[in-house]
Amino acid sequence: MTGPEDQAIAPALVSAFAPGGTLRASINVGNPILARMDAAGGEPAGVSVDLAREFARRLGVPLELVVFEKAAASVDAVRSERADLGFFAIDPARTEGLQFTAPYVLIEGSYLVPQASALTENAQVDQPGQRISVGSGSAYDLFLTRELGHAEIVRLAGAPPALAAVRAGEVEVAAGIRQVLEAEARRAPGVRVLPGRFMVIQQAMGAPASRGAAAGELLAAFVEELKASGFVAGALQRHGIDGAIVAP
């Protein structure tokens, strides 16, 4: 049985993904699980970049990386067709104008609190008087906006300000990627990560809905093949990522 990598992609599908002749991939370097700026070369590198390069290779077109610092901006670029595909957390609030694959990696969302906080578990966070900082438009923002009934969400311009707000005493809790929060706790004393997770983030590939069902099916098959072949696991290992697992 031949896999998707062995099959020529129809010219119409190549044009659907790269109408200008170049595949423009929206890359969010604000999520270090997926991508970050390479300190040596100044270029983005990471799992999502590897996936984008491989997809462009299979399409037989050049790749242009369109880099953003926040997830919301990365999503908007694909929705507005300033990019041809992107890498985002699946969320009901992001479905308009987009089509998603199944997830390729799963990431834990956790809480960061001051070392002296009385909070010891995730279930205690949603209480009156608790302020939770999040990166505006992030998966945590969207999820907690739906789920919280009592705590106040404080939306800031990305993860670094959200973490700094805990240390400054401006909020009682910060929400974010568990690996990022653990790194912040190791960086300097004064904060700790609550045990466990409050959500599992499903990271998927997405494209504009206007590109059509056949394009969505091709992208979905690409993701499944790269999960099954070990490509995604290899990329996680190559980039030293231990805060995520390959989605089943």
# chains A, B, ... in the order shown; residues from 1 in each chain; ligands from 1
call {"tool": "residues_around", "arguments": {"residues": "A:Gly169", "least_positions_apart": "3", "cutoff": "12 Å", "atoms": "only C-alpha atoms", "output": "list of chain:residue names"}}
result
A:Val113, A:Pro114, A:Gln115, A:Ala116, A:Ser117, A:Gln130, A:Arg131, A:Ile132, A:Ser133, A:Ala162, A:Leu163, A:Ala164, A:Ala165, A:Val166, A:Glu172, A:Val173, A:Ala174, A:Gly190, A:Val191
call {"tool": "write_last_selection", "arguments": {"atoms": "N, CA, C and O atoms", "output": "short mmCIF file (atom, residue, chain, number, x, y, z; two decimals), in the first residue's frame"}}
result
data_model
loop_
_atom_site.label_atom_id
_atom_site.label_comp_id
_atom_site.auth_asym_id
_atom_site.auth_seq_id
_atom_site.Cartn_x
_atom_site.Cartn_y
_atom_site.Cartn_z
N VAL A 113 1.42 29.77 40.30
CA VAL A 113 0.98 30.59 41.44
C VAL A 113 2.20 31.03 42.23
O VAL A 113 3.28 30.44 42.13
N PRO A 114 2.07 32.09 43.05
CA PRO A 114 3.18 32.47 43.94
C PRO A 114 3.51 31.34 44.90
O PRO A 114 2.63 30.55 45.29
N GLN A 115 4.75 31.26 45.31
CA GLN A 115 5.18 30.20 46.22
C GLN A 115 4.33 30.19 47.49
O GLN A 115 4.00 29.13 48.03
N ALA A 116 3.95 31.38 47.98
CA ALA A 116 3.21 31.48 49.24
C ALA A 116 1.70 31.31 49.07
O ALA A 116 0.96 31.40 50.05
N SER A 117 1.23 31.06 47.85
CA SER A 117 -0.21 30.92 47.61
C SER A 117 -0.80 29.77 48.42
O SER A 117 -0.16 28.73 48.62
N GLN A 130 -10.15 35.59 42.66
CA GLN A 130 -8.96 35.09 41.98
C GLN A 130 -8.85 35.74 40.61
O GLN A 130 -9.80 35.74 39.83
N ARG A 131 -7.68 36.27 40.29
CA ARG A 131 -7.40 36.84 38.96
C ARG A 131 -6.42 35.92 38.26
O ARG A 131 -5.37 35.57 38.82
N ILE A 132 -6.74 35.55 37.01
CA ILE A 132 -5.92 34.61 36.24
C ILE A 132 -5.41 35.33 34.99
O ILE A 132 -6.21 35.76 34.16
N SER A 133 -4.10 35.44 34.85
CA SER A 133 -3.54 36.08 33.67
C SER A 133 -3.35 35.05 32.56
O SER A 133 -2.95 33.91 32.80
N ALA A 162 2.03 37.59 31.09
CA ALA A 162 1.13 36.83 31.96
C ALA A 162 1.88 36.22 33.13
O ALA A 162 1.41 36.22 34.27
N LEU A 163 3.08 35.71 32.88
CA LEU A 163 3.90 35.13 33.95
C LEU A 163 4.44 36.23 34.88
O LEU A 163 4.46 36.07 36.10
N ALA A 164 4.85 37.34 34.28
CA ALA A 164 5.38 38.44 35.09
C ALA A 164 4.33 38.99 36.04
O ALA A 164 4.65 39.46 37.14
N ALA A 165 3.05 38.93 35.62
CA ALA A 165 1.97 39.47 36.44
C ALA A 165 1.84 38.71 37.76
O ALA A 165 1.47 39.29 38.79
N VAL A 166 2.16 37.40 37.76
CA VAL A 166 2.12 36.62 39.00
C VAL A 166 3.23 37.08 39.93
O VAL A 166 3.00 37.31 41.12
N GLU A 172 -3.35 36.44 40.89
CA GLU A 172 -3.08 35.32 41.81
C GLU A 172 -2.60 34.08 41.08
O GLU A 172 -1.96 33.20 41.68
N VAL A 173 -2.92 33.97 39.77
CA VAL A 173 -2.65 32.76 39.00
C VAL A 173 -2.30 33.15 37.57
O VAL A 173 -2.84 34.14 37.05
N ALA A 174 -1.43 32.40 36.92
CA ALA A 174 -1.22 32.51 35.47
C ALA A 174 -1.50 31.16 34.85
O ALA A 174 -1.17 30.11 35.43
N GLY A 190 10.13 31.88 43.97
CA GLY A 190 9.01 32.78 44.20
C GLY A 190 7.70 32.32 43.58
O GLY A 190 6.64 32.83 43.94
N VAL A 191 7.76 31.34 42.66
CA VAL A 191 6.54 30.81 42.03
C VAL A 191 6.65 29.30 41.93
O VAL A 191 7.74 28.73 41.99
#
call {"tool": "residues_around", "arguments": {"residues": "A:Leu106", "least_positions_apart": "5", "cutoff": "8 Å", "atoms": "only C-alpha atoms", "output": "ChimeraX atom specification"}}
result
/A:200-203,244-247
call {"tool": "write_last_selection", "arguments": {"atoms": "all heavy atoms", "output": "short mmCIF file (atom, residue, chain, number, x, y, z; two decimals), in the first residue's frame"}}
result
data_model
loop_
_atom_site.label_atom_id
_atom_site.label_comp_id
_atom_site.auth_asym_id
_atom_site.auth_seq_id
_atom_site.Cartn_x
_atom_site.Cartn_y
_atom_site.Cartn_z
N VAL A 200 -6.16 19.85 28.24
CA VAL A 200 -5.23 19.28 27.26
C VAL A 200 -5.45 20.03 25.95
O VAL A 200 -6.57 20.08 25.44
CB VAL A 200 -5.45 17.77 27.06
CG1 VAL A 200 -4.56 17.26 25.93
CG2 VAL A 200 -5.17 17.02 28.34
N ILE A 201 -4.39 20.62 25.45
CA ILE A 201 -4.47 21.41 24.23
C ILE A 201 -4.17 20.51 23.05
O ILE A 201 -3.14 19.84 23.01
CB ILE A 201 -3.48 22.58 24.28
CG1 ILE A 201 -3.77 23.46 25.50
CG2 ILE A 201 -3.52 23.41 23.00
CD1 ILE A 201 -2.58 23.79 26.31
N GLN A 202 -5.10 20.48 22.09
CA GLN A 202 -4.92 19.68 20.89
C GLN A 202 -4.38 20.56 19.77
O GLN A 202 -5.10 21.39 19.23
CB GLN A 202 -6.25 19.07 20.45
CG GLN A 202 -6.89 18.18 21.50
CD GLN A 202 -8.19 17.59 20.99
OE1 GLN A 202 -8.20 16.64 20.21
NE2 GLN A 202 -9.30 18.17 21.41
N GLN A 203 -3.10 20.41 19.46
CA GLN A 203 -2.47 21.22 18.41
C GLN A 203 -2.65 20.55 17.06
O GLN A 203 -2.28 19.39 16.87
CB GLN A 203 -0.98 21.38 18.72
CG GLN A 203 -0.69 22.25 19.92
CD GLN A 203 -0.97 23.73 19.67
OE1 GLN A 203 -1.12 24.17 18.55
NE2 GLN A 203 -1.04 24.50 20.74
N ALA A 244 5.27 17.72 25.37
CA ALA A 244 4.17 17.37 24.49
C ALA A 244 4.29 15.89 24.12
O ALA A 244 5.37 15.32 24.17
CB ALA A 244 4.19 18.23 23.22
N ILE A 245 3.17 15.29 23.73
CA ILE A 245 3.17 13.92 23.24
C ILE A 245 2.50 13.89 21.87
O ILE A 245 1.67 14.76 21.56
CB ILE A 245 2.44 12.96 24.20
CG1 ILE A 245 0.97 13.36 24.37
CG2 ILE A 245 3.14 12.90 25.55
CD1 ILE A 245 0.14 12.32 25.12
N VAL A 246 2.86 12.89 21.06
CA VAL A 246 2.21 12.73 19.76
C VAL A 246 0.77 12.33 19.99
O VAL A 246 0.48 11.42 20.79
CB VAL A 246 2.94 11.68 18.92
CG1 VAL A 246 2.26 11.50 17.56
CG2 VAL A 246 4.40 12.07 18.72
N ALA A 247 -0.15 13.00 19.32
CA ALA A 247 -1.58 12.67 19.45
C ALA A 247 -1.84 11.30 18.87
O ALA A 247 -1.23 10.91 17.88
CB ALA A 247 -2.42 13.72 18.75
#
call {"tool": "atom_distance", "arguments": {"atom1": "atom CA of A:Ala8", "atom2": "atom CA of A:Phe55"}}
result
12.6 Å
call {"tool": "select_by_dssp", "arguments": {"residues": "stretch 1-90 of chain A", "states": "helix (DSSP H, G or I)", "output": "count of residues only"}}
result
32
call {"tool": "atom_distance", "arguments": {"atom1": "atom CA of A:Pro62", "atom2": "atom CA of A:Thr22"}}
result
5.0 Å
call {"tool": "atom_distance", "arguments": {"atom1": "atom CA of A:Tyr104", "atom2": "atom CA of A:Leu65"}}
result
19.5 Å
call {"tool": "select_by_dssp", "arguments": {"residues": "stretch 8-44 of chain A", "states": "strand (DSSP E)", "output": "PyMOL selection string"}}
result
chain A and resi 23-28+36-37+44
call {"tool": "residues_around", "arguments": {"residues": "A:Ser26", "least_positions_apart": "6", "cutoff": "10 Å", "atoms": "only C-alpha atoms", "output": "list in words"}}
result
Ser48, Val49, Ala52, Glu64, Leu65, Val66, Val67, Phe68, Ala71, Ala73, Ser74, Val75, Asp76, Ala77, Val78, Arg82, Ala83, Asp84, Leu85, Gly86, Phe87, Phe88, Gly206 and Ala207 of chain A
call {"tool": "write_last_selection", "arguments": {"atoms": "C-alpha atoms", "output": "PDB file, in the first residue's frame"}}
result
ATOM      1  CA  SER A  48       5.603  23.165  13.174  1.00  0.00           C
ATOM      2  CA  VAL A  49       8.391  24.482  10.931  1.00  0.00           C
ATOM      3  CA  ALA A  52       5.514  23.084   7.049  1.00  0.00           C
ATOM      4  CA  GLU A  64       7.550  31.180   3.120  1.00  0.00           C
ATOM      5  CA  LEU A  65       7.368  31.323   6.922  1.00  0.00           C
ATOM      6  CA  VAL A  66       5.071  34.077   8.225  1.00  0.00           C
ATOM      7  CA  VAL A  67       6.110  34.522  11.861  1.00  0.00           C
ATOM      8  CA  PHE A  68       3.958  35.724  14.766  1.00  0.00           C
ATOM      9  CA  ALA A  71      -1.480  32.453  18.598  1.00  0.00           C
ATOM     10  CA  ALA A  73      -2.366  36.714  15.285  1.00  0.00           C
ATOM     11  CA  SER A  74      -1.268  33.457  13.691  1.00  0.00           C
ATOM     12  CA  VAL A  75      -4.884  32.272  13.475  1.00  0.00           C
ATOM     13  CA  ASP A  76      -6.041  35.583  12.015  1.00  0.00           C
ATOM     14  CA  ALA A  77      -3.399  35.386   9.286  1.00  0.00           C
ATOM     15  CA  VAL A  78      -4.789  32.078   8.029  1.00  0.00           C
ATOM     16  CA  ARG A  82      -2.556  36.157   4.460  1.00  0.00           C
ATOM     17  CA  ALA A  83      -1.166  32.663   5.071  1.00  0.00           C
ATOM     18  CA  ASP A  84      -2.131  29.346   3.483  1.00  0.00           C
ATOM     19  CA  LEU A  85      -1.857  27.101   6.537  1.00  0.00           C
ATOM     20  CA  GLY A  86      -1.050  27.327  10.215  1.00  0.00           C
ATOM     21  CA  PHE A  87      -0.557  25.423  13.444  1.00  0.00           C
ATOM     22  CA  PHE A  88      -3.049  26.102  16.239  1.00  0.00           C
ATOM     23  CA  GLY A 206      -5.425  24.437   9.833  1.00  0.00           C
ATOM     24  CA  ALA A 207      -6.173  26.063   6.491  1.00  0.00           C
TER      25      ALA A 207
END
call {"tool": "closest_residue", "arguments": {"among": "A:Leu34, A:Val14, A:Leu112, A:Val232", "to": "A:Arg197", "atoms": "only C-alpha atoms"}}
result
A:Leu112
call {"tool": "residues_around", "arguments": {"residues": "A:Ala213", "least_positions_apart": "4", "cutoff": "12 Å", "atoms": "only C-alpha atoms", "output": "ChimeraX atom specification"}}
result
/A:13,16-17,98-101,207-209,217-220
call {"tool": "write_last_selection", "arguments": {"atoms": "all heavy atoms", "output": "tab-separated table (two decimals), in the first residue's frame"}}
result
chain	number	residue	atom	x	y	z
A	13	LEU	N	-4.92	20.81	-6.34
A	13	LEU	CA	-4.72	20.87	-4.90
A	13	LEU	C	-3.48	21.68	-4.55
A	13	LEU	O	-3.45	22.40	-3.55
A	13	LEU	CB	-4.62	19.46	-4.31
A	13	LEU	CG	-5.94	18.72	-4.12
A	13	LEU	CD1	-5.70	17.30	-3.64
A	13	LEU	CD2	-6.83	19.47	-3.14
A	16	ALA	N	-4.61	25.09	-4.73
A	16	ALA	CA	-5.49	25.43	-3.61
A	16	ALA	C	-4.69	25.86	-2.39
A	16	ALA	O	-5.07	26.79	-1.67
A	16	ALA	CB	-6.39	24.24	-3.27
A	17	PHE	N	-3.56	25.19	-2.16
A	17	PHE	CA	-2.74	25.52	-1.00
A	17	PHE	C	-1.77	26.66	-1.27
A	17	PHE	O	-1.44	27.42	-0.36
A	17	PHE	CB	-1.96	24.29	-0.53
A	17	PHE	CG	-2.74	23.42	0.40
A	17	PHE	CD1	-3.27	22.22	-0.02
A	17	PHE	CD2	-2.98	23.82	1.71
A	17	PHE	CE1	-4.01	21.42	0.83
A	17	PHE	CE2	-3.72	23.04	2.57
A	17	PHE	CZ	-4.24	21.83	2.13
A	98	LEU	N	-12.16	28.55	9.09
A	98	LEU	CA	-11.02	27.65	9.11
A	98	LEU	C	-11.46	26.20	9.05
A	98	LEU	O	-12.57	25.86	9.44
A	98	LEU	CB	-10.19	27.85	10.39
A	98	LEU	CG	-9.53	29.21	10.60
A	98	LEU	CD1	-8.88	29.26	11.98
A	98	LEU	CD2	-8.50	29.48	9.52
A	99	GLN	N	-10.58	25.34	8.56
A	99	GLN	CA	-10.77	23.89	8.66
A	99	GLN	C	-9.53	23.29	9.30
A	99	GLN	O	-8.40	23.68	8.98
A	99	GLN	CB	-11.05	23.27	7.29
A	99	GLN	CG	-10.05	23.59	6.20
A	99	GLN	CD	-10.46	23.01	4.87
A	99	GLN	OE1	-11.14	22.00	4.79
A	99	GLN	NE2	-10.05	23.65	3.78
A	100	PHE	N	-9.75	22.38	10.25
A	100	PHE	CA	-8.67	21.81	11.03
A	100	PHE	C	-8.47	20.33	10.71
A	100	PHE	O	-9.41	19.62	10.37
A	100	PHE	CB	-8.97	21.92	12.53
A	100	PHE	CG	-8.87	23.31	13.08
A	100	PHE	CD1	-9.98	24.13	13.17
A	100	PHE	CD2	-7.65	23.79	13.52
A	100	PHE	CE1	-9.89	25.41	13.69
A	100	PHE	CE2	-7.54	25.07	14.05
A	100	PHE	CZ	-8.66	25.88	14.13
A	101	THR	N	-7.23	19.87	10.88
A	101	THR	CA	-6.95	18.44	10.88
A	101	THR	C	-7.24	17.91	12.28
A	101	THR	O	-7.58	18.66	13.18
A	101	THR	CB	-5.47	18.18	10.56
A	101	THR	OG1	-4.65	18.67	11.65
A	101	THR	CG2	-5.05	18.87	9.26
A	207	ALA	N	-6.24	25.33	7.75
A	207	ALA	CA	-6.17	26.06	6.49
A	207	ALA	C	-7.46	26.85	6.33
A	207	ALA	O	-8.47	26.56	7.00
A	207	ALA	CB	-5.99	25.09	5.32
A	208	PRO	N	-7.46	27.86	5.46
A	208	PRO	CA	-8.72	28.57	5.21
A	208	PRO	C	-9.80	27.62	4.70
A	208	PRO	O	-9.53	26.77	3.84
A	208	PRO	CB	-8.33	29.60	4.13
A	208	PRO	CG	-6.86	29.76	4.26
A	208	PRO	CD	-6.34	28.43	4.68
A	209	ALA	N	-11.01	27.75	5.22
A	209	ALA	CA	-12.11	26.90	4.78
A	209	ALA	C	-12.38	27.07	3.29
A	209	ALA	O	-12.84	26.13	2.62
A	209	ALA	CB	-13.36	27.21	5.59
A	217	GLU	N	-8.96	17.45	3.21
A	217	GLU	CA	-8.71	16.00	3.29
A	217	GLU	C	-7.23	15.68	3.06
A	217	GLU	O	-6.67	14.80	3.72
A	217	GLU	CB	-9.58	15.28	2.26
A	217	GLU	CG	-11.07	15.31	2.60
A	217	GLU	CD	-11.94	14.87	1.45
A	217	GLU	OE1	-11.40	14.45	0.39
A	217	GLU	OE2	-13.18	14.95	1.58
A	218	LEU	N	-6.60	16.39	2.13
A	218	LEU	CA	-5.18	16.18	1.88
A	218	LEU	C	-4.36	16.53	3.11
A	218	LEU	O	-3.46	15.78	3.52
A	218	LEU	CB	-4.73	17.02	0.69
A	218	LEU	CG	-3.23	16.99	0.38
A	218	LEU	CD1	-2.80	15.59	-0.09
A	218	LEU	CD2	-2.85	18.03	-0.66
A	219	LEU	N	-4.66	17.66	3.73
A	219	LEU	CA	-3.92	18.09	4.92
A	219	LEU	C	-4.14	17.12	6.07
A	219	LEU	O	-3.20	16.79	6.81
A	219	LEU	CB	-4.35	19.51	5.31
A	219	LEU	CG	-3.45	20.26	6.30
A	219	LEU	CD1	-2.05	20.43	5.71
A	219	LEU	CD2	-4.05	21.61	6.65
A	220	ALA	N	-5.38	16.65	6.23
A	220	ALA	CA	-5.68	15.70	7.30
A	220	ALA	C	-4.92	14.39	7.10
A	220	ALA	O	-4.36	13.83	8.06
A	220	ALA	CB	-7.19	15.43	7.34
call {"tool": "closest_residue", "arguments": {"among": "A:Ala35, A:Gly30, A:Ala235, A:Ser210", "to": "A:Arg79", "atoms": "only C-alpha atoms"}}
result
A:Ser210
call {"tool": "decode", "arguments": {"residues": "stretch 16-40 of chain A", "atoms": "N, CA and C atoms", "output": "PDB file, in the first residue's frame"}}
result
ATOM      1  N   ALA A  16      -4.607  25.092  -4.729  1.00  0.00           N
ATOM      2  CA  ALA A  16      -5.494  25.432  -3.613  1.00  0.00           C
ATOM      3  C   ALA A  16      -4.686  25.859  -2.394  1.00  0.00           C
ATOM      4  N   PHE A  17      -3.563  25.188  -2.159  1.00  0.00           N
ATOM      5  CA  PHE A  17      -2.740  25.525  -0.998  1.00  0.00           C
ATOM      6  C   PHE A  17      -1.773  26.663  -1.266  1.00  0.00           C
ATOM      7  N   ALA A  18      -1.300  26.769  -2.482  1.00  0.00           N
ATOM      8  CA  ALA A  18      -0.302  27.794  -2.812  1.00  0.00           C
ATOM      9  C   ALA A  18      -0.745  28.545  -4.061  1.00  0.00           C
ATOM     10  N   PRO A  19      -1.833  29.321  -3.946  1.00  0.00           N
ATOM     11  CA  PRO A  19      -2.359  30.003  -5.138  1.00  0.00           C
ATOM     12  C   PRO A  19      -1.374  30.983  -5.755  1.00  0.00           C
ATOM     13  N   GLY A  20      -0.436  31.474  -4.962  1.00  0.00           N
ATOM     14  CA  GLY A  20       0.566  32.393  -5.497  1.00  0.00           C
ATOM     15  C   GLY A  20       1.850  31.702  -5.907  1.00  0.00           C
ATOM     16  N   GLY A  21       1.874  30.357  -5.821  1.00  0.00           N
ATOM     17  CA  GLY A  21       3.069  29.611  -6.198  1.00  0.00           C
ATOM     18  C   GLY A  21       4.011  29.323  -5.049  1.00  0.00           C
ATOM     19  N   THR A  22       3.766  29.935  -3.889  1.00  0.00           N
ATOM     20  CA  THR A  22       4.568  29.715  -2.680  1.00  0.00           C
ATOM     21  C   THR A  22       3.634  29.374  -1.530  1.00  0.00           C
ATOM     22  N   LEU A  23       3.989  28.372  -0.748  1.00  0.00           N
ATOM     23  CA  LEU A  23       3.198  28.012   0.429  1.00  0.00           C
ATOM     24  C   LEU A  23       3.580  28.921   1.584  1.00  0.00           C
ATOM     25  N   ARG A  24       2.623  29.713   2.059  1.00  0.00           N
ATOM     26  CA  ARG A  24       2.855  30.615   3.180  1.00  0.00           C
ATOM     27  C   ARG A  24       2.355  29.954   4.469  1.00  0.00           C
ATOM     28  N   ALA A  25       3.275  29.633   5.360  1.00  0.00           N
ATOM     29  CA  ALA A  25       2.917  28.948   6.604  1.00  0.00           C
ATOM     30  C   ALA A  25       2.993  29.926   7.770  1.00  0.00           C
ATOM     31  N   SER A  26       1.905  30.026   8.512  1.00  0.00           N
ATOM     32  CA  SER A  26       1.826  30.888   9.682  1.00  0.00           C
ATOM     33  C   SER A  26       2.452  30.162  10.877  1.00  0.00           C
ATOM     34  N   ILE A  27       3.507  30.747  11.445  1.00  0.00           N
ATOM     35  CA  ILE A  27       4.274  30.119  12.526  1.00  0.00           C
ATOM     36  C   ILE A  27       4.184  30.988  13.774  1.00  0.00           C
ATOM     37  N   ASN A  28       3.743  30.375  14.878  1.00  0.00           N
ATOM     38  CA  ASN A  28       3.629  31.078  16.163  1.00  0.00           C
ATOM     39  C   ASN A  28       4.837  30.725  17.022  1.00  0.00           C
ATOM     40  N   VAL A  29       5.785  31.662  17.149  1.00  0.00           N
ATOM     41  CA  VAL A  29       6.972  31.413  17.972  1.00  0.00           C
ATOM     42  C   VAL A  29       6.713  31.742  19.442  1.00  0.00           C
ATOM     43  N   GLY A  30       5.484  32.147  19.768  1.00  0.00           N
ATOM     44  CA  GLY A  30       5.120  32.371  21.158  1.00  0.00           C
ATOM     45  C   GLY A  30       4.849  31.087  21.909  1.00  0.00           C
ATOM     46  N   ASN A  31       4.728  29.964  21.186  1.00  0.00           N
ATOM     47  CA  ASN A  31       4.524  28.646  21.793  1.00  0.00           C
ATOM     48  C   ASN A  31       5.783  27.813  21.544  1.00  0.00           C
ATOM     49  N   PRO A  32       6.705  27.736  22.517  1.00  0.00           N
ATOM     50  CA  PRO A  32       7.986  27.070  22.280  1.00  0.00           C
ATOM     51  C   PRO A  32       7.868  25.571  22.071  1.00  0.00           C
ATOM     52  N   ILE A  33       6.716  24.987  22.404  1.00  0.00           N
ATOM     53  CA  ILE A  33       6.505  23.574  22.086  1.00  0.00           C
ATOM     54  C   ILE A  33       6.514  23.390  20.564  1.00  0.00           C
ATOM     55  N   LEU A  34       5.978  24.370  19.838  1.00  0.00           N
ATOM     56  CA  LEU A  34       5.806  24.263  18.388  1.00  0.00           C
ATOM     57  C   LEU A  34       6.939  24.902  17.613  1.00  0.00           C
ATOM     58  N   ALA A  35       7.379  26.073  18.032  1.00  0.00           N
ATOM     59  CA  ALA A  35       8.418  26.790  17.288  1.00  0.00           C
ATOM     60  C   ALA A  35       9.043  27.858  18.168  1.00  0.00           C
ATOM     61  N   ARG A  36      10.254  28.212  17.841  1.00  0.00           N
ATOM     62  CA  ARG A  36      10.954  29.304  18.518  1.00  0.00           C
ATOM     63  C   ARG A  36      11.965  29.876  17.535  1.00  0.00           C
ATOM     64  N   MET A  37      12.447  31.061  17.827  1.00  0.00           N
ATOM     65  CA  MET A  37      13.465  31.662  16.966  1.00  0.00           C
ATOM     66  C   MET A  37      14.806  31.028  17.282  1.00  0.00           C
ATOM     67  N   ASP A  38      15.473  30.522  16.261  1.00  0.00           N
ATOM     68  CA  ASP A  38      16.772  29.896  16.428  1.00  0.00           C
ATOM     69  C   ASP A  38      17.807  30.962  16.797  1.00  0.00           C
ATOM     70  N   ALA A  39      18.472  30.767  17.922  1.00  0.00           N
ATOM     71  CA  ALA A  39      19.407  31.778  18.420  1.00  0.00           C
ATOM     72  C   ALA A  39      20.579  31.978  17.466  1.00  0.00           C
ATOM     73  N   ALA A  40      20.990  30.917  16.788  1.00  0.00           N
ATOM     74  CA  ALA A  40      22.159  31.008  15.910  1.00  0.00           C
ATOM     75  C   ALA A  40      21.830  31.715  14.602  1.00  0.00           C
TER      76      ALA A  40
END
